[in-house]
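Below is one structure, written out as structure tokens; comments come after it.
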Amino acid sequence: MRERPSSAAAFERAKRSIPGGVNSPARAFGAVGGHPLFIARGEGPYLYDLDGQRYLDFVGSWGPLIWGHCHPAVQEAVEAALRRGSTFGAPCELETELAELVIAAVPSIEMVRFVSSGTEATMSAIRLARGFTGRSTIIKFAGCYHGHVDALLVAAGSSALTHGVPSSPGVPPGCTQDTLVLEYNDCQALADVFRQHGDQIAAVIVEPVVGNMGLVEPTAEFRQELRRLTLRYGAVLIYDEVMTGFRLAFGGAQELYGDHADLTTLGKILGGGLPVGAYGGRRDIMRQVMPAGPVFQAGTLSGNPLAMAAGLATLRLLQRQPPYAYLENLGRALQNGLQQALDTRRIPGRVQRVGSMWTLFFTAEPVTNYTTARQADTRRFARFFWEMLDRGIYLPCSQFEAAFLNAAMTPQHIAQTIAAAEEALDILAHA
Ligand code: PMP
């Protein structure tokens with residue numbers, strides 16, 4: 001493993017004043033061992049660390065940077081907004097412009113409220129669904145992550161059909177007792193739970209394509225059952241598109257699949273690299289949000305002009321020059337190249353991908369839910385991760401995270417990544 005002394009020193013310093021040295025745990029490289037890179041700057045598809053090394057960035061700040069780092073249109077929009085003031089605590093027209101663009105992008109969204117993170121978006125959507133239905137129970141799926149909302153920080157208990165138990169100290173059982181956790185893609189469990197608790201279920205929240213246990217696709221039957229059962233029992237279907245929104249298509253997973261959720265949560269790309277989240281959906285539901293309705297939700301910096309400007313510039317570019325076909329082609333080439341590299345070396349592994357989101361799982365079987373994801377060889381992944389890093393490829397530092405392509409990448413970058421993977425897998429094969 002290459003030495004990175006400046007990052008190592010910066011991490012030691014950070015750990016003295018910041019818990020674990022990071023402001024979000026996924027950054028700490030805990031799952032792969034070793035210290036994280038400290039980043040000096042980003043440019044297009046590249047990150048540069050404190051030690052002056054350049055890396056091809058497949059993390060993209062965990063999703064927002066679909067145009068890569070420092071896209072001039074986004075930077076200019078933010079700079080222009082900054083000159084007019086960073087926050088007013090009063091409405092500005094940029095908010096309405098971005099709202100109109102979101103509504104144009106996602107047909108199921110008739111009204112939208114901006115917040116400052118994905119967590120705030122899902123937290124608010126859950127509260128709204130409960131307020132709207134007058135019910136308490138929510139269903140989530142094991143392995144899906146929806147931010148650090150108390151009610152959603154749950155682990156499945158021992159049975160398939162289970163009330164959630166808190167997955168973090170500090171979350172009282174009272175916060176999770178109304179959360180049911182099911183296995184992703186399990187239509188039978190979903191039908192069973194609706195049969196037993198249907199009239200108590202306020203909402204089902206789901207990642208329509210999962211990024212947060214590594215990349216996992218929904219089956220068509222699962223998506224259809226989600227829609228059919230929520231309609232039948234009057235529960236709110238929440239698609240958490242914080243990661244997939246504006247990434248899998250301009251209209252997110254819902255455009256890709258032709259689906260129609262009741263509420264959608266957004267973040268990441270929506271903010272163009274600045275802190276933005278949003279929740280939106282059916283007008284009759286959204287009209288319950290204060291001050292239009294009684295369900296409380298607020299934010300000092302919600303809809304601030306810098307974040308709105310970054311989001312507007314990013315979305316306008318996506319609308320005018322859609323990169324989705326290009327990203328699909330890059331993604332397909334990468335997937336094929338990596339899968340072939342695994343297969344020719346007889347290393348059990350699967351490259352799962354939808355559009356520009358992908359994961360190389362070190363497991364032979366298809367990954368369809370949390371149980372099958374957990375079968376992946378995380379020690380092998382850790383070894384692969386460091387070998388790739390030493391070859392200038394920056395991957396998510398966990399087997400259970402999706403990697404992202406961005407539109408600043410070229411076919412040469414894909415070839416470079418496959419060549420690096422071939423070398424790394426050669427080392428793994430002989431380890
Ligand atoms: N939902 C999903 C699907 C996410 O991937 C994330 C973040 N990775 C969140 C919600 C939470 O967003 P944030 O980190 O902005 O709070």
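Labels for the structure tokens follow display order: chains A, B, ..., residues from 1 in each chain, ligands from 1.
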Between segment 78-177 of chain A and segment 239-259 of chain A, at 8 Å or less, what are the per-residue closest atom pairs and their distances in Å? Count only C-alpha atoms, order by chain and rising residue number, and return it as CSV.
```
residue,atom,partner,partner_atom,distance
A:Ala105,CA,A:Gly251,CA,4.9
A:Val106,CA,A:Gly251,CA,4.7
A:Pro107,CA,A:Gly251,CA,7.7
A:Gly118,CA,A:Val242,CA,6.0
A:Thr122,CA,A:Asp240,CA,7.3
A:His146,CA,A:Asp240,CA,7.1
```
**Study point:** At most 9 Å from ligand 1 (only C-alpha atoms and all ligand atoms): residue list as a ChimeraX atom specification
**Key:** /A:24,62-63,116-122,144-149,206-212,239-244,265-268,275-277
Review point. Per DSSP on the backbone, what are the strand (DSSP E or B) residues of segment 51-114 of chain A, as a PyMOL selection string?
Key: chain A and resi 54-57+69+111-114
For those residues, write N, CA and C atoms to a file as a PDB file, in the first residue's frame.
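This went into selection_34.pdb:
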```pdb
ATOM      1  N   ARG A  54      -3.383  12.105  -7.917  1.00  0.00           N
ATOM      2  CA  ARG A  54      -4.637  12.299  -8.646  1.00  0.00           C
ATOM      3  C   ARG A  54      -5.395  10.976  -8.715  1.00  0.00           C
ATOM      4  N   TYR A  55      -6.695  11.034  -8.541  1.00  0.00           N
ATOM      5  CA  TYR A  55      -7.529   9.824  -8.574  1.00  0.00           C
ATOM      6  C   TYR A  55      -8.741  10.051  -9.466  1.00  0.00           C
ATOM      7  N   LEU A  56      -9.119   9.003 -10.204  1.00  0.00           N
ATOM      8  CA  LEU A  56     -10.381   9.020 -10.943  1.00  0.00           C
ATOM      9  C   LEU A  56     -11.490   8.751  -9.922  1.00  0.00           C
ATOM     10  N   ASP A  57     -12.448   9.657  -9.849  1.00  0.00           N
ATOM     11  CA  ASP A  57     -13.370   9.691  -8.717  1.00  0.00           C
ATOM     12  C   ASP A  57     -14.688   8.981  -9.029  1.00  0.00           C
ATOM     13  N   HIS A  69     -16.476  17.385 -10.983  1.00  0.00           N
ATOM     14  CA  HIS A  69     -16.155  18.515 -10.105  1.00  0.00           C
ATOM     15  C   HIS A  69     -16.057  19.806 -10.902  1.00  0.00           C
ATOM     16  N   MET A 111     -46.310  19.138  -6.318  1.00  0.00           N
ATOM     17  CA  MET A 111     -45.795  20.233  -5.485  1.00  0.00           C
ATOM     18  C   MET A 111     -44.562  19.713  -4.757  1.00  0.00           C
ATOM     19  N   VAL A 112     -43.671  20.636  -4.401  1.00  0.00           N
ATOM     20  CA  VAL A 112     -42.418  20.202  -3.778  1.00  0.00           C
ATOM     21  C   VAL A 112     -41.999  21.193  -2.705  1.00  0.00           C
ATOM     22  N   ARG A 113     -41.380  20.687  -1.642  1.00  0.00           N
ATOM     23  CA  ARG A 113     -40.836  21.529  -0.567  1.00  0.00           C
ATOM     24  C   ARG A 113     -39.336  21.237  -0.463  1.00  0.00           C
ATOM     25  N   PHE A 114     -38.513  22.291  -0.459  1.00  0.00           N
ATOM     26  CA  PHE A 114     -37.063  22.118  -0.348  1.00  0.00           C
ATOM     27  C   PHE A 114     -36.604  22.123   1.105  1.00  0.00           C
TER      28      PHE A 114
END
```
Review point. Using only C-alpha atoms, which residues sit within 9 Å of Gly272 of chain A once same-chain residues fewer than 5 positions away are excluded, as a PyMOL selection string?
Key: chain A and resi 64-67+74+307-315
**Study point:** Selection near segment 406-422 of chain A, 7 Å with only C-alpha atoms, sequence-local residues under 3 positions removed, as a list of chain:residue names
**Key:**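 With the cut-off at 7 Å, the set is A:Gly44, A:Pro45, A:Leu65, A:Ile66, A:Trp67, A:Gly68, A:Pro323, A:Leu327, A:Leu330, A:Leu334, A:Gly337, A:Leu338, A:Ala341, A:Met388, A:Arg391, A:Ile393, A:Leu425, A:Asp426.
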Take the residues that were just selected and, keeping C-alpha atoms, output them as a CSV table (one decimal), in the first residue's frame.
```
chain,number,residue,atom,x,y,z
A,44,GLY,CA,-13.7,17.2,-13.7
A,45,PRO,CA,-13.6,13.5,-13.1
A,65,LEU,CA,-21.6,15.2,-8.9
A,66,ILE,CA,-23.1,13.9,-12.1
A,67,TRP,CA,-21.2,16.5,-14.1
A,68,GLY,CA,-17.9,15.9,-12.2
A,323,PRO,CA,-26.0,12.6,-20.5
A,327,LEU,CA,-23.4,7.3,-19.1
A,330,LEU,CA,-19.8,4.0,-20.3
A,334,LEU,CA,-17.2,-0.8,-17.5
A,337,GLY,CA,-14.9,-5.2,-18.8
A,338,LEU,CA,-14.9,-5.8,-15.0
A,341,ALA,CA,-11.8,-9.6,-15.6
A,388,MET,CA,-7.4,0.2,-7.1
A,391,ARG,CA,-3.6,2.6,-9.3
A,393,ILE,CA,-9.0,4.7,-8.9
A,425,LEU,CA,-7.6,-8.9,-9.5
A,426,ASP,CA,-4.3,-10.7,-10.6
```
Practice item. Counting only C-alpha atoms, figure out which residue out of A:Met357, A:Ala261, A:Ile109, A:Ala364 gets nearest to Phe58 of chain A. Key: A:Met357
Point to revise | Which of A:Arg332, A:Arg316, A:Arg346, A:Arg379 sits closest to Ala77 of chain A [using only C-alpha atoms] | key: A:Arg316
Practice item. From a DSSP pass on the backbone, collect the residues of segment 8-245 of chain A flagged as helix (DSSP H, G or I) and hand them back as a PyMOL selection string. Key: chain A and resi 8-17+19-21+25-28+60-62+72-83+93-105+118-133+150-152+173-176+187-200+220-233
